[in-house]
>>> print(open('my_file.json').read())   # JSON, C-alpha atoms
[["chain", "number", "residue", "atom", "x", "y", "z"],
["A", 1, "MET", "CA", -123.11, 12.62, 41.92],
["A", 2, "GLY", "CA", -126.79, 12.85, 42.89],
["A", 3, "ARG", "CA", -129.51, 14.32, 40.77],
["A", 4, "ARG", "CA", -129.88, 17.39, 42.99],
["A", 5, "ALA", "CA", -126.22, 18.37, 42.79],
["A", 6, "GLY", "CA", -125.50, 18.08, 39.07],
["A", 7, "LYS", "CA", -126.95, 19.09, 35.77],
["A", 8, "LEU", "CA", -130.13, 17.52, 34.50],
["A", 9, "GLY", "CA", -129.27, 18.36, 30.92],
["A", 10, "ASN", "CA", -131.89, 18.60, 28.22],
["A", 11, "SER", "CA", -132.45, 14.97, 27.23],
["A", 12, "LYS", "CA", -135.99, 13.68, 26.97],
["A", 13, "GLU", "CA", -135.61, 11.95, 30.33],
["A", 14, "ALA", "CA", -134.27, 15.09, 31.99],
["A", 15, "VAL", "CA", -137.08, 17.25, 30.61],
["A", 16, "LYS", "CA", -139.63, 14.60, 31.60],
["A", 17, "SER", "CA", -138.20, 14.63, 35.12],
["A", 18, "LEU", "CA", -138.39, 18.44, 35.26],
["A", 19, "PHE", "CA", -141.96, 18.29, 34.00],
["A", 20, "ILE", "CA", -143.04, 15.78, 36.63],
["A", 21, "ASP", "CA", -141.28, 17.59, 39.47],
["A", 22, "HIS", "CA", -142.25, 21.19, 38.62],
["A", 23, "TYR", "CA", -145.34, 21.27, 36.41],
["A", 24, "ASP", "CA", -147.84, 21.87, 39.23],
["A", 25, "ARG", "CA", -145.97, 24.86, 40.68],
["A", 26, "MET", "CA", -145.36, 26.33, 37.23],
["A", 27, "TYR", "CA", -149.00, 25.95, 36.23],
["A", 28, "LEU", "CA", -150.19, 27.45, 39.52],
["A", 29, "LEU", "CA", -147.98, 30.52, 39.06],
["A", 30, "ALA", "CA", -149.18, 30.99, 35.47],
["A", 31, "ARG", "CA", -152.80, 30.54, 36.56],
["A", 32, "ILE", "CA", -152.42, 33.18, 39.29],
["A", 33, "MET", "CA", -150.90, 35.66, 36.86],
["A", 34, "LEU", "CA", -153.11, 35.03, 33.83],
["A", 35, "HIS", "CA", -156.44, 33.88, 35.31],
["A", 36, "ASP", "CA", -156.89, 31.50, 32.38],
["A", 37, "ASP", "CA", -156.48, 27.70, 32.48],
["A", 38, "GLU", "CA", -155.73, 27.16, 28.80],
["A", 39, "GLU", "CA", -153.30, 30.05, 28.53],
["A", 40, "SER", "CA", -151.55, 28.88, 31.71],
["A", 41, "ARG", "CA", -151.07, 25.38, 30.30],
["A", 42, "ASP", "CA", -149.73, 26.91, 27.09],
["A", 43, "VAL", "CA", -147.19, 29.01, 29.01],
["A", 44, "VAL", "CA", -145.83, 26.01, 30.89],
["A", 45, "SER", "CA", -145.69, 23.96, 27.68],
["A", 46, "ASP", "CA", -143.87, 26.80, 25.92],
["A", 47, "VAL", "CA", -141.25, 26.92, 28.68],
["A", 48, "PHE", "CA", -140.54, 23.20, 28.31],
["A", 49, "ALA", "CA", -140.55, 23.47, 24.51],
["A", 50, "SER", "CA", -138.04, 26.30, 24.74],
["A", 51, "ILE", "CA", -135.76, 24.19, 26.94],
["A", 52, "VAL", "CA", -135.83, 21.36, 24.40],
["A", 53, "THR", "CA", -135.51, 23.42, 21.21],
["A", 54, "ASN", "CA", -132.83, 25.75, 22.56],
["A", 55, "GLY", "CA", -130.83, 23.00, 24.25],
["A", 56, "ILE", "CA", -130.94, 24.74, 27.62],
["A", 57, "GLU", "CA", -129.09, 22.92, 30.37],
["A", 58, "VAL", "CA", -130.97, 23.13, 33.67],
["A", 59, "LYS", "CA", -129.07, 22.65, 36.91],
["A", 60, "ALA", "CA", -130.87, 20.47, 39.42],
["A", 61, "ASP", "CA", -130.20, 22.74, 42.39],
["A", 62, "THR", "CA", -131.68, 25.81, 40.65],
["A", 63, "ALA", "CA", -134.31, 24.11, 38.46],
["A", 64, "GLN", "CA", -137.35, 25.29, 40.40],
["A", 65, "THR", "CA", -136.20, 28.92, 40.53],
["A", 66, "PHE", "CA", -135.21, 28.85, 36.86],
["A", 67, "LEU", "CA", -138.49, 27.33, 35.69],
["A", 68, "LEU", "CA", -140.68, 29.61, 37.81],
["A", 69, "THR", "CA", -138.73, 32.64, 36.57],
["A", 70, "CYS", "CA", -139.29, 31.52, 32.98],
["A", 71, "VAL", "CA", -143.02, 31.14, 33.62],
["A", 72, "ARG", "CA", -143.21, 34.52, 35.35],
["A", 73, "ASN", "CA", -141.39, 36.28, 32.51],
["A", 74, "LYS", "CA", -143.56, 34.64, 29.85],
["A", 75, "CYS", "CA", -146.72, 35.59, 31.78],
["A", 76, "LEU", "CA", -145.53, 39.19, 32.16],
["A", 77, "LYS", "CA", -144.96, 39.36, 28.40],
["A", 78, "ILE", "CA", -148.50, 38.13, 27.79],
["A", 79, "VAL", "CA", -149.98, 40.59, 30.31],
["A", 80, "ARG", "CA", -148.07, 43.51, 28.75],
["A", 81, "SER", "CA", -149.19, 42.46, 25.29],
["A", 82, "LYS", "CA", -152.82, 42.33, 26.43],
["A", 83, "GLN", "CA", -152.53, 45.77, 28.01],
["A", 84, "VAL", "CA", -151.15, 47.24, 24.77],
["A", 85, "ARG", "CA", -153.96, 45.63, 22.76],
["A", 86, "GLN", "CA", -156.58, 46.95, 25.20],
["A", 87, "ARG", "CA", -155.17, 50.48, 25.05],
["A", 88, "ALA", "CA", -155.06, 50.37, 21.25],
["A", 89, "SER", "CA", -158.62, 49.08, 21.15],
["A", 90, "ARG", "CA", -159.82, 51.89, 23.45],
["A", 91, "LEU", "CA", -158.03, 54.48, 21.31],
["A", 92, "LEU", "CA", -159.55, 53.07, 18.14],
["A", 93, "GLN", "CA", -163.02, 53.15, 19.72],
["A", 94, "GLN", "CA", -162.47, 56.77, 20.72],
["A", 95, "ASP", "CA", -161.15, 57.58, 17.26],
["A", 96, "GLU", "CA", -164.24, 56.09, 15.62],
["A", 97, "SER", "CA", -166.50, 58.26, 17.74],
["A", 98, "VAL", "CA", -164.86, 61.47, 16.49],
["A", 99, "GLU", "CA", -166.59, 62.96, 13.49],
["A", 100, "MET", "CA", -164.33, 63.91, 10.66],
["A", 101, "MET", "CA", -165.12, 67.34, 9.27],
["A", 102, "PRO", "CA", -164.05, 68.53, 5.83],
["A", 103, "ALA", "CA", -161.23, 71.10, 5.94],
["A", 104, "GLU", "CA", -163.51, 73.95, 4.86],
["A", 105, "GLU", "CA", -165.91, 73.25, 7.72],
["A", 106, "GLN", "CA", -163.02, 73.06, 10.17],
["A", 107, "THR", "CA", -161.73, 76.44, 8.96],
["A", 108, "ASP", "CA", -165.22, 77.95, 9.22],
["A", 109, "ARG", "CA", -165.64, 76.52, 12.72],
["A", 110, "LEU", "CA", -162.27, 77.88, 13.80],
["A", 111, "SER", "CA", -163.21, 81.33, 12.49],
["A", 112, "GLU", "CA", -166.46, 81.15, 14.46],
["A", 113, "VAL", "CA", -164.56, 80.26, 17.64],
["A", 114, "LEU", "CA", -162.08, 83.10, 17.14],
["A", 115, "ASP", "CA", -164.84, 85.63, 16.42],
["A", 116, "TYR", "CA", -166.78, 84.50, 19.47],
["A", 117, "SER", "CA", -163.63, 84.66, 21.61],
["A", 118, "ARG", "CA", -162.86, 88.24, 20.53],
["A", 119, "GLN", "CA", -166.40, 89.34, 21.39],
["A", 120, "GLU", "CA", -167.07, 87.44, 24.61],
["A", 121, "LEU", "CA", -163.76, 87.03, 26.43],
["A", 122, "THR", "CA", -162.17, 89.72, 28.56],
["A", 123, "PRO", "CA", -159.05, 91.28, 27.00],
["A", 124, "GLN", "CA", -156.71, 89.47, 29.43],
["A", 125, "THR", "CA", -158.44, 86.08, 28.96],
["A", 126, "LEU", "CA", -158.38, 86.55, 25.18],
["A", 127, "ARG", "CA", -154.67, 87.42, 25.29],
["A", 128, "VAL", "CA", -153.88, 84.30, 27.37],
["A", 129, "PHE", "CA", -156.04, 82.14, 25.08],
["A", 130, "GLN", "CA", -154.33, 83.41, 21.93],
["A", 131, "MET", "CA", -150.85, 83.05, 23.39],
["A", 132, "ARG", "CA", -151.56, 79.46, 24.35],
["A", 133, "TYR", "CA", -153.39, 78.21, 21.28],
["A", 134, "GLN", "CA", -152.25, 80.47, 18.44],
["A", 135, "HIS", "CA", -148.66, 81.08, 19.51],
["A", 136, "ARG", "CA", -148.28, 77.72, 21.28],
["A", 137, "LYS", "CA", -146.63, 79.17, 24.38],
["A", 138, "THR", "CA", -146.33, 77.28, 27.64],
["A", 139, "TYR", "CA", -148.07, 78.36, 30.83],
["A", 140, "ALA", "CA", -144.71, 79.51, 32.22],
["A", 141, "GLU", "CA", -143.93, 81.60, 29.12],
["A", 142, "ILE", "CA", -147.36, 83.23, 29.21],
["A", 143, "ALA", "CA", -147.12, 83.94, 32.93],
["A", 144, "GLU", "CA", -143.67, 85.51, 32.56],
["A", 145, "GLU", "CA", -144.64, 87.61, 29.55],
["A", 146, "LEU", "CA", -147.85, 88.93, 31.14],
["A", 147, "GLY", "CA", -146.45, 89.23, 34.66],
["A", 148, "ILE", "CA", -149.05, 86.91, 36.19],
["A", 149, "SER", "CA", -148.85, 83.55, 37.97],
["A", 150, "GLU", "CA", -149.18, 80.22, 36.19],
["A", 151, "ALA", "CA", -152.30, 79.61, 38.29],
["A", 152, "ALA", "CA", -153.80, 82.79, 36.80],
["A", 153, "VAL", "CA", -152.93, 81.54, 33.31],
["A", 154, "TYR", "CA", -154.70, 78.28, 34.11],
["A", 155, "LYS", "CA", -157.79, 80.12, 35.39],
["A", 156, "HIS", "CA", -157.98, 82.34, 32.30],
["A", 157, "LEU", "CA", -157.69, 79.31, 29.99],
["A", 158, "ALA", "CA", -160.25, 77.32, 31.98],
["A", 159, "GLN", "CA", -162.64, 80.27, 31.83],
["A", 160, "ALA", "CA", -162.13, 80.73, 28.09],
["A", 161, "LEU", "CA", -162.56, 77.04, 27.29],
["A", 162, "THR", "CA", -165.67, 76.76, 29.45],
["A", 163, "LYS", "CA", -167.31, 79.74, 27.72],
["A", 164, "ILE", "CA", -166.40, 78.44, 24.25],
["A", 165, "LYS", "CA", -167.58, 74.90, 25.00],
["A", 166, "ASN", "CA", -170.84, 76.09, 26.49],
["A", 167, "HIS", "CA", -171.52, 78.30, 23.48],
["A", 168, "PHE", "CA", -170.66, 75.76, 20.76],
["A", 169, "ASN", "CA", -171.72, 72.55, 22.54],
["A", 170, "PRO", "CA", -174.64, 73.49, 24.77]]
>>> encode(input="my_file.json", output="structure tokens")
Amino acid sequence: MGRRAGKLGNSKEAVKSLFIDHYDRMYLLARIMLHDDEESRDVVSDVFASIVTNGIEVKADTAQTFLLTCVRNKCLKIVRSKQVRQRASRLLQQDESVEMMPAEEQTDRLSEVLDYSRQELTPQTLRVFQMRYQHRKTYAEIAEELGISEAAVYKHLAQALTKIKNHFNP
């Protein structure tokens, strides 16, 4: 039985043979996906280490597909992990830029916004604004209750928020 038809097994010689035959393709795939030489070498090494430590039997006729799939999956895991870390980092940066106000100041600020809204918004815009932010109703619920379209609800809210933002954050 030739090497291509049977199992290579997971002996040192078999793994060495797999390494010699497939390393270049595996490394190239990892390099394309990760854009990092060191990380790509680590991925390929991890795949071979996993074969040895887990006693994985690799069939000669499917070795290339199996090894490239392992590399691809490991690279995808790394890419996903990086994306999660980047998103978390961006959120933390945004969070740090937000000023924390004591509760009393927040309550005072909210009262100011409500007073301003009652004085400066039209009755219909004020009603839509209150239904959305005080009563936590959806656009559809507001539209149905007031007999207007959801687009009109959106326009009233946009108008209210623009006026409030311009007044409090000129």
>>> residues_around(input="my_file.json", residues="Phe48 (chain A)", least_positions_apart="4", cutoff="8 Å", atoms="all atoms listed in the file", output="list of chain:residue names")
A:Val15, A:Phe19, A:Val44, A:Val52
>>> atom_distance(input="my_file.json", atom1="CA of Leu92 (chain A)", atom2="CA of Arg80 (chain A)")
18.3 Å
>>> atom_distance(input="my_file.json", atom1="CA of Lys82 (chain A)", atom2="CA of Glu39 (chain A)")
12.5 Å
>>> residues_around(input="my_file.json", residues="Ser50 (chain A)", least_positions_apart="5", cutoff="12 Å", atoms="all atoms listed in the file", output="ChimeraX atom specification")
/A:10,15,42-45,55-58,67,70-71,74
>>> atom_distance(input="my_file.json", atom1="CA of Ile78 (chain A)", atom2="CA of Leu34 (chain A)")
8.2 Å
>>> closest_atom_pairs(input="my_file.json", of="region 86-127 of chain A", to="region 155-169 of chain A", cutoff="12 Å", atoms="only C-alpha atoms", output="tab-separated table")
residue	atom	partner	partner_atom	distance
A:Arg109	CA	A:Phe168	CA	9.5
A:Leu110	CA	A:Phe168	CA	11.1
A:Glu112	CA	A:Phe168	CA	9.3
A:Val113	CA	A:Ile164	CA	7.1
A:Leu114	CA	A:Ile164	CA	9.5
A:Asp115	CA	A:Ile164	CA	10.7
A:Tyr116	CA	A:Ile164	CA	7.7
A:Ser117	CA	A:Ile164	CA	7.3
A:Arg118	CA	A:Ala160	CA	10.7
A:Gln119	CA	A:Ile164	CA	11.3
A:Glu120	CA	A:Lys163	CA	8.3
A:Leu121	CA	A:Ala160	CA	6.7
A:Thr122	CA	A:Ala160	CA	9.0
A:Pro123	CA	A:His156	CA	10.4
A:Gln124	CA	A:His156	CA	7.8
A:Thr125	CA	A:His156	CA	5.0
A:Leu126	CA	A:Ala160	CA	7.5
A:Arg127	CA	A:His156	CA	9.3
>>> closest_residue(input="my_file.json", among="A:Ala152, A:Ile32, A:Ala60, A:Ala143", to="Ala14 (chain A)", atoms="all atoms listed in the file")
A:Ala60
>>> residues_near_point(input="my_file.json", point="(-146.5, 26.3, 34.2)", cutoff="7 Å", atoms="only C-alpha atoms", output="list of chain:residue names")
A:Tyr23, A:Asp24, A:Arg25, A:Met26, A:Tyr27, A:Leu28, A:Leu29, A:Ala30, A:Ser40, A:Arg41, A:Val43, A:Val44, A:Ser45, A:Val71
>>> decode(input="my_file.json", residues="region 111-144 of chain A", atoms="N, CA and C atoms", output="compact mmCIF listing (two decimals), in the first residue's frame")
# COMPACT_ATOMS: atom_id res chain seq x y z
N SER A 111 -34.61 67.93 34.02
CA SER A 111 -35.68 68.91 34.27
C SER A 111 -35.56 70.09 33.31
N GLU A 112 -34.34 70.54 33.09
CA GLU A 112 -34.11 71.65 32.15
C GLU A 112 -34.58 71.27 30.74
N VAL A 113 -34.24 70.07 30.32
CA VAL A 113 -34.64 69.59 28.98
C VAL A 113 -36.15 69.53 28.88
N LEU A 114 -36.81 68.99 29.90
CA LEU A 114 -38.27 68.88 29.87
C LEU A 114 -38.93 70.26 29.86
N ASP A 115 -38.42 71.17 30.69
CA ASP A 115 -38.98 72.53 30.71
C ASP A 115 -38.80 73.20 29.35
N TYR A 116 -37.62 73.08 28.79
CA TYR A 116 -37.36 73.68 27.48
C TYR A 116 -38.28 73.06 26.43
N SER A 117 -38.46 71.75 26.48
CA SER A 117 -39.30 71.06 25.51
C SER A 117 -40.74 71.55 25.59
N ARG A 118 -41.25 71.72 26.79
CA ARG A 118 -42.65 72.19 26.97
C ARG A 118 -42.84 73.60 26.41
N GLN A 119 -41.79 74.42 26.51
CA GLN A 119 -41.91 75.81 26.06
C GLN A 119 -41.66 75.96 24.57
N GLU A 120 -40.74 75.20 24.01
CA GLU A 120 -40.28 75.47 22.65
C GLU A 120 -40.83 74.53 21.57
N LEU A 121 -41.30 73.36 21.95
CA LEU A 121 -41.78 72.42 20.94
C LEU A 121 -43.27 72.64 20.68
N THR A 122 -43.68 72.34 19.46
CA THR A 122 -45.12 72.43 19.16
C THR A 122 -45.83 71.35 19.97
N PRO A 123 -47.14 71.51 20.19
CA PRO A 123 -47.86 70.51 20.99
C PRO A 123 -47.73 69.08 20.42
N GLN A 124 -47.84 68.94 19.12
CA GLN A 124 -47.74 67.60 18.50
C GLN A 124 -46.33 67.04 18.66
N THR A 125 -45.30 67.85 18.42
CA THR A 125 -43.91 67.39 18.56
C THR A 125 -43.64 67.01 20.01
N LEU A 126 -44.12 67.82 20.94
CA LEU A 126 -43.94 67.52 22.37
C LEU A 126 -44.62 66.20 22.73
N ARG A 127 -45.83 65.99 22.22
CA ARG A 127 -46.56 64.76 22.51
C ARG A 127 -45.78 63.54 21.99
N VAL A 128 -45.28 63.64 20.76
CA VAL A 128 -44.51 62.53 20.17
C VAL A 128 -43.24 62.29 20.99
N PHE A 129 -42.56 63.36 21.35
CA PHE A 129 -41.33 63.28 22.13
C PHE A 129 -41.57 62.60 23.48
N GLN A 130 -42.63 62.99 24.17
CA GLN A 130 -42.94 62.40 25.47
C GLN A 130 -43.34 60.93 25.34
N MET A 131 -44.12 60.63 24.31
CA MET A 131 -44.54 59.23 24.13
C MET A 131 -43.32 58.34 23.88
N ARG A 132 -42.37 58.85 23.14
CA ARG A 132 -41.20 58.05 22.79
C ARG A 132 -40.26 57.90 23.99
N TYR A 133 -39.93 59.01 24.64
CA TYR A 133 -38.87 58.96 25.65
C TYR A 133 -39.37 58.84 27.09
N GLN A 134 -40.58 59.25 27.38
CA GLN A 134 -41.09 59.08 28.74
C GLN A 134 -41.89 57.79 28.86
N HIS A 135 -42.68 57.50 27.84
CA HIS A 135 -43.53 56.30 27.89
C HIS A 135 -42.92 55.12 27.15
N ARG A 136 -41.78 55.34 26.50
CA ARG A 136 -41.02 54.30 25.81
C ARG A 136 -41.84 53.54 24.77
N LYS A 137 -42.62 54.27 24.00
CA LYS A 137 -43.43 53.65 22.95
C LYS A 137 -42.64 53.58 21.66
N THR A 138 -42.97 52.61 20.83
CA THR A 138 -42.30 52.47 19.53
C THR A 138 -42.90 53.46 18.55
N TYR A 139 -42.20 53.65 17.43
CA TYR A 139 -42.70 54.56 16.40
C TYR A 139 -44.08 54.10 15.93
N ALA A 140 -44.25 52.80 15.75
CA ALA A 140 -45.52 52.25 15.27
C ALA A 140 -46.64 52.53 16.27
N GLU A 141 -46.36 52.34 17.56
CA GLU A 141 -47.37 52.59 18.59
C GLU A 141 -47.77 54.07 18.62
N ILE A 142 -46.78 54.94 18.51
CA ILE A 142 -47.06 56.39 18.52
C ILE A 142 -47.90 56.76 17.29
N ALA A 143 -47.48 56.26 16.14
CA ALA A 143 -48.18 56.57 14.89
C ALA A 143 -49.64 56.12 14.97
N GLU A 144 -49.86 54.91 15.47
CA GLU A 144 -51.23 54.38 15.57
C GLU A 144 -52.06 55.20 16.54
